Amino acid sequence: MGTAFRNIVLLIIVVTLILYSYMSYSSLYTERIISSGIFGKVILGPVKPFFGGQISGGNYIPYAAEVTILTADGSDEVTAFTADANGSFKVFLEPGTYLLRPEPGGPVFPRAESKVIEIEKERLTQVDIVYDTGVR
């Protein structure tokens, strides 16, 4: 009787461990994958003064800016990111409406305007951000 009881307890423990490990393993693969969000470039300019004429060679450069993404009403931060050295970024977000707030690069300049963005389900939306240097 003692050996049979011990075998039953051992069997219950083994089955419990198997079920627990299966549930933990399967939960890793049932998490929802977010396939929507934004991508784009951050640029800074003008970088050279101009006096009513065209400047050859471009007047904007990539900018590694810090950007905060807030709920549509601006009350809560959802996430934040920093564009890379080429000004590129990609951020995955749930579908919905958000407020994109580029953080100031200094006390006055460079600066960029906040904008409301709409994220659609399973779609990456292009958003380009232009920081103004104040150079004229």
# chains A, B, ... in the order shown; residues from 1 in each chain; ligands from 1
$ select_by_dssp --residues "segment 2-116 of chain A" --states "helix (DSSP H, G or I)" --output "NGL selection string"
:A and (2-30)
$ residues_around --residues "Arg111 of chain A" --least-positions-apart "5" --cutoff "6 Å" --atoms "only C-alpha atoms" --output "VMD selection string"
chain A and resid 104 131 to 132
$ write_last_selection --atoms "C-alpha atoms" --output "PDB file, in the first residue's frame"
ATOM      1  CA  PRO A 104      12.878  70.022 -28.015  1.00  0.00           C
ATOM      2  CA  TYR A 131      12.794  69.933 -36.758  1.00  0.00           C
ATOM      3  CA  ASP A 132      13.216  73.653 -37.372  1.00  0.00           C
TER       4      ASP A 132
END
$ select_by_dssp --residues "chain A" --states "strand (DSSP E)" --output "PDB file with N, CA and C atoms, in the first residue's frame"
ATOM      1  N   GLY A  37       1.889  50.235 -36.588  1.00  0.00           N
ATOM      2  CA  GLY A  37       2.721  51.244 -35.948  1.00  0.00           C
ATOM      3  C   GLY A  37       3.134  52.325 -36.920  1.00  0.00           C
ATOM      4  N   ILE A  38       4.286  52.922 -36.640  1.00  0.00           N
ATOM      5  CA  ILE A  38       4.792  54.013 -37.482  1.00  0.00           C
ATOM      6  C   ILE A  38       6.249  53.763 -37.840  1.00  0.00           C
ATOM      7  N   PHE A  39       6.651  54.372 -38.959  1.00  0.00           N
ATOM      8  CA  PHE A  39       8.052  54.392 -39.361  1.00  0.00           C
ATOM      9  C   PHE A  39       8.287  55.716 -40.061  1.00  0.00           C
ATOM     10  N   GLY A  40       9.536  56.103 -40.172  1.00  0.00           N
ATOM     11  CA  GLY A  40       9.812  57.341 -40.886  1.00  0.00           C
ATOM     12  C   GLY A  40      11.196  57.875 -40.621  1.00  0.00           C
ATOM     13  N   LYS A  41      11.343  59.165 -40.919  1.00  0.00           N
ATOM     14  CA  LYS A  41      12.618  59.870 -40.771  1.00  0.00           C
ATOM     15  C   LYS A  41      12.400  61.144 -39.985  1.00  0.00           C
ATOM     16  N   VAL A  42      13.453  61.524 -39.264  1.00  0.00           N
ATOM     17  CA  VAL A  42      13.490  62.820 -38.589  1.00  0.00           C
ATOM     18  C   VAL A  42      14.596  63.609 -39.270  1.00  0.00           C
ATOM     19  N   ILE A  43      14.262  64.825 -39.718  1.00  0.00           N
ATOM     20  CA  ILE A  43      15.268  65.685 -40.340  1.00  0.00           C
ATOM     21  C   ILE A  43      15.326  67.023 -39.620  1.00  0.00           C
ATOM     22  N   LEU A  44      16.459  67.687 -39.787  1.00  0.00           N
ATOM     23  CA  LEU A  44      16.742  68.957 -39.124  1.00  0.00           C
ATOM     24  C   LEU A  44      17.121  69.973 -40.181  1.00  0.00           C
ATOM     25  N   GLY A  45      16.524  71.142 -40.115  1.00  0.00           N
ATOM     26  CA  GLY A  45      16.899  72.162 -41.083  1.00  0.00           C
ATOM     27  C   GLY A  45      16.065  73.424 -40.914  1.00  0.00           C
ATOM     28  N   ILE A  61      19.334  67.787 -42.742  1.00  0.00           N
ATOM     29  CA  ILE A  61      20.176  66.639 -42.394  1.00  0.00           C
ATOM     30  C   ILE A  61      19.390  65.715 -41.456  1.00  0.00           C
ATOM     31  N   PRO A  62      19.760  64.428 -41.404  1.00  0.00           N
ATOM     32  CA  PRO A  62      19.104  63.522 -40.454  1.00  0.00           C
ATOM     33  C   PRO A  62      19.343  63.994 -39.025  1.00  0.00           C
ATOM     34  N   GLU A  66      14.664  62.729 -29.900  1.00  0.00           N
ATOM     35  CA  GLU A  66      13.850  61.989 -28.949  1.00  0.00           C
ATOM     36  C   GLU A  66      12.391  62.377 -29.171  1.00  0.00           C
ATOM     37  N   VAL A  67      11.529  61.370 -29.227  1.00  0.00           N
ATOM     38  CA  VAL A  67      10.111  61.601 -29.494  1.00  0.00           C
ATOM     39  C   VAL A  67       9.288  60.799 -28.487  1.00  0.00           C
ATOM     40  N   THR A  68       8.257  61.429 -27.949  1.00  0.00           N
ATOM     41  CA  THR A  68       7.359  60.771 -27.011  1.00  0.00           C
ATOM     42  C   THR A  68       6.017  60.552 -27.690  1.00  0.00           C
ATOM     43  N   ILE A  69       5.458  59.366 -27.487  1.00  0.00           N
ATOM     44  CA  ILE A  69       4.127  59.057 -28.017  1.00  0.00           C
ATOM     45  C   ILE A  69       3.179  58.991 -26.830  1.00  0.00           C
ATOM     46  N   LEU A  70       2.120  59.790 -26.909  1.00  0.00           N
ATOM     47  CA  LEU A  70       1.139  59.915 -25.827  1.00  0.00           C
ATOM     48  C   LEU A  70      -0.234  59.442 -26.288  1.00  0.00           C
ATOM     49  N   THR A  71      -1.120  59.222 -25.338  1.00  0.00           N
ATOM     50  CA  THR A  71      -2.508  58.970 -25.693  1.00  0.00           C
ATOM     51  C   THR A  71      -3.027  60.191 -26.448  1.00  0.00           C
ATOM     52  N   GLU A  77       1.738  58.850 -21.207  1.00  0.00           N
ATOM     53  CA  GLU A  77       2.793  58.427 -22.127  1.00  0.00           C
ATOM     54  C   GLU A  77       2.589  56.958 -22.472  1.00  0.00           C
ATOM     55  N   VAL A  78       2.640  56.653 -23.774  1.00  0.00           N
ATOM     56  CA  VAL A  78       2.516  55.284 -24.249  1.00  0.00           C
ATOM     57  C   VAL A  78       3.904  54.674 -24.395  1.00  0.00           C
ATOM     58  N   THR A  79       4.791  55.414 -25.056  1.00  0.00           N
ATOM     59  CA  THR A  79       6.171  54.978 -25.244  1.00  0.00           C
ATOM     60  C   THR A  79       6.994  56.181 -25.697  1.00  0.00           C
ATOM     61  N   ALA A  80       8.274  55.982 -25.806  1.00  0.00           N
ATOM     62  CA  ALA A  80       9.181  57.017 -26.320  1.00  0.00           C
ATOM     63  C   ALA A  80      10.256  56.311 -27.134  1.00  0.00           C
ATOM     64  N   PHE A  81      10.849  57.037 -28.057  1.00  0.00           N
ATOM     65  CA  PHE A  81      11.917  56.464 -28.864  1.00  0.00           C
ATOM     66  C   PHE A  81      12.896  57.551 -29.264  1.00  0.00           C
ATOM     67  N   THR A  82      14.073  57.126 -29.699  1.00  0.00           N
ATOM     68  CA  THR A  82      15.076  58.028 -30.250  1.00  0.00           C
ATOM     69  C   THR A  82      15.388  57.549 -31.655  1.00  0.00           C
ATOM     70  N   SER A  88      16.230  57.620 -38.831  1.00  0.00           N
ATOM     71  CA  SER A  88      15.201  56.602 -39.062  1.00  0.00           C
ATOM     72  C   SER A  88      14.633  56.071 -37.747  1.00  0.00           C
ATOM     73  N   PHE A  89      13.375  55.655 -37.817  1.00  0.00           N
ATOM     74  CA  PHE A  89      12.740  55.031 -36.658  1.00  0.00           C
ATOM     75  C   PHE A  89      11.624  54.106 -37.110  1.00  0.00           C
ATOM     76  N   LYS A  90      11.278  53.152 -36.253  1.00  0.00           N
ATOM     77  CA  LYS A  90      10.116  52.275 -36.436  1.00  0.00           C
ATOM     78  C   LYS A  90       9.615  51.921 -35.041  1.00  0.00           C
ATOM     79  N   VAL A  91       8.319  52.131 -34.820  1.00  0.00           N
ATOM     80  CA  VAL A  91       7.715  51.870 -33.516  1.00  0.00           C
ATOM     81  C   VAL A  91       6.408  51.102 -33.741  1.00  0.00           C
ATOM     82  N   PHE A  92       6.248  49.976 -33.048  1.00  0.00           N
ATOM     83  CA  PHE A  92       5.016  49.204 -33.147  1.00  0.00           C
ATOM     84  C   PHE A  92       4.027  49.691 -32.097  1.00  0.00           C
ATOM     85  N   GLY A  96      -5.089  52.815 -33.178  1.00  0.00           N
ATOM     86  CA  GLY A  96      -5.718  53.869 -32.396  1.00  0.00           C
ATOM     87  C   GLY A  96      -5.159  55.228 -32.760  1.00  0.00           C
ATOM     88  N   THR A  97      -5.529  56.220 -31.979  1.00  0.00           N
ATOM     89  CA  THR A  97      -5.096  57.600 -32.197  1.00  0.00           C
ATOM     90  C   THR A  97      -4.110  57.985 -31.103  1.00  0.00           C
ATOM     91  N   TYR A  98      -3.020  58.611 -31.516  1.00  0.00           N
ATOM     92  CA  TYR A  98      -1.957  58.991 -30.588  1.00  0.00           C
ATOM     93  C   TYR A  98      -1.505  60.419 -30.866  1.00  0.00           C
ATOM     94  N   LEU A  99      -0.867  61.016 -29.873  1.00  0.00           N
ATOM     95  CA  LEU A  99      -0.237  62.317 -30.024  1.00  0.00           C
ATOM     96  C   LEU A  99       1.271  62.094 -30.051  1.00  0.00           C
ATOM     97  N   LEU A 100       1.898  62.504 -31.133  1.00  0.00           N
ATOM     98  CA  LEU A 100       3.346  62.374 -31.302  1.00  0.00           C
ATOM     99  C   LEU A 100       3.973  63.701 -30.883  1.00  0.00           C
ATOM    100  N   ARG A 101       4.821  63.666 -29.839  1.00  0.00           N
ATOM    101  CA  ARG A 101       5.428  64.898 -29.331  1.00  0.00           C
ATOM    102  C   ARG A 101       6.945  64.833 -29.477  1.00  0.00           C
ATOM    103  N   PRO A 102       7.501  65.498 -30.513  1.00  0.00           N
ATOM    104  CA  PRO A 102       8.960  65.578 -30.640  1.00  0.00           C
ATOM    105  C   PRO A 102       9.516  66.435 -29.499  1.00  0.00           C
ATOM    106  N   LYS A 115       2.008  66.286 -33.393  1.00  0.00           N
ATOM    107  CA  LYS A 115       0.970  65.951 -34.370  1.00  0.00           C
ATOM    108  C   LYS A 115       0.191  64.740 -33.906  1.00  0.00           C
ATOM    109  N   VAL A 116      -1.076  64.702 -34.290  1.00  0.00           N
ATOM    110  CA  VAL A 116      -1.942  63.565 -34.001  1.00  0.00           C
ATOM    111  C   VAL A 116      -1.752  62.556 -35.128  1.00  0.00           C
ATOM    112  N   ILE A 117      -1.577  61.289 -34.747  1.00  0.00           N
ATOM    113  CA  ILE A 117      -1.403  60.234 -35.744  1.00  0.00           C
ATOM    114  C   ILE A 117      -2.466  59.163 -35.533  1.00  0.00           C
ATOM    115  N   GLU A 118      -2.905  58.581 -36.619  1.00  0.00           N
ATOM    116  CA  GLU A 118      -3.907  57.519 -36.593  1.00  0.00           C
ATOM    117  C   GLU A 118      -3.240  56.225 -37.037  1.00  0.00           C
ATOM    118  N   ILE A 119      -3.287  55.209 -36.204  1.00  0.00           N
ATOM    119  CA  ILE A 119      -2.674  53.921 -36.500  1.00  0.00           C
ATOM    120  C   ILE A 119      -3.776  52.939 -36.884  1.00  0.00           C
ATOM    121  N   LEU A 124       1.755  49.712 -41.158  1.00  0.00           N
ATOM    122  CA  LEU A 124       2.761  50.674 -40.715  1.00  0.00           C
ATOM    123  C   LEU A 124       2.511  51.979 -41.457  1.00  0.00           C
ATOM    124  N   THR A 125       2.361  53.046 -40.718  1.00  0.00           N
ATOM    125  CA  THR A 125       2.062  54.356 -41.280  1.00  0.00           C
ATOM    126  C   THR A 125       3.336  55.193 -41.300  1.00  0.00           C
ATOM    127  N   GLN A 126       3.614  55.836 -42.435  1.00  0.00           N
ATOM    128  CA  GLN A 126       4.802  56.681 -42.532  1.00  0.00           C
ATOM    129  C   GLN A 126       4.535  58.031 -41.887  1.00  0.00           C
ATOM    130  N   ILE A 129       9.163  63.653 -39.474  1.00  0.00           N
ATOM    131  CA  ILE A 129       9.219  64.729 -38.492  1.00  0.00           C
ATOM    132  C   ILE A 129      10.303  65.707 -38.909  1.00  0.00           C
ATOM    133  N   VAL A 130       9.947  66.985 -38.998  1.00  0.00           N
ATOM    134  CA  VAL A 130      10.886  68.020 -39.415  1.00  0.00           C
ATOM    135  C   VAL A 130      11.135  68.969 -38.252  1.00  0.00           C
ATOM    136  N   TYR A 131      12.379  69.003 -37.812  1.00  0.00           N
ATOM    137  CA  TYR A 131      12.794  69.933 -36.758  1.00  0.00           C
ATOM    138  C   TYR A 131      13.287  71.214 -37.404  1.00  0.00           C
ATOM    139  N   ASP A 132      12.808  72.327 -36.898  1.00  0.00           N
ATOM    140  CA  ASP A 132      13.216  73.653 -37.372  1.00  0.00           C
ATOM    141  C   ASP A 132      14.409  74.129 -36.547  1.00  0.00           C
TER     142      ASP A 132
END
$ atom_distance --atom1 "atom CA of Ser75 of chain A" --atom2 "atom CA of Gly106 of chain A"
23.3 Å
$ closest_residue --among "A:Ser114, A:Pro46, A:Gly58, A:Asp128" --to "Ala83 of chain A" --atoms "only C-alpha atoms"
A:Asp128
$ atom_distance --atom1 "atom CA of Asp76 of chain A" --atom2 "atom CA of Pro95 of chain A"
16.2 Å
$ atom_distance --atom1 "atom CA of Pro110 of chain A" --atom2 "atom CA of Val127 of chain A"
18.4 Å
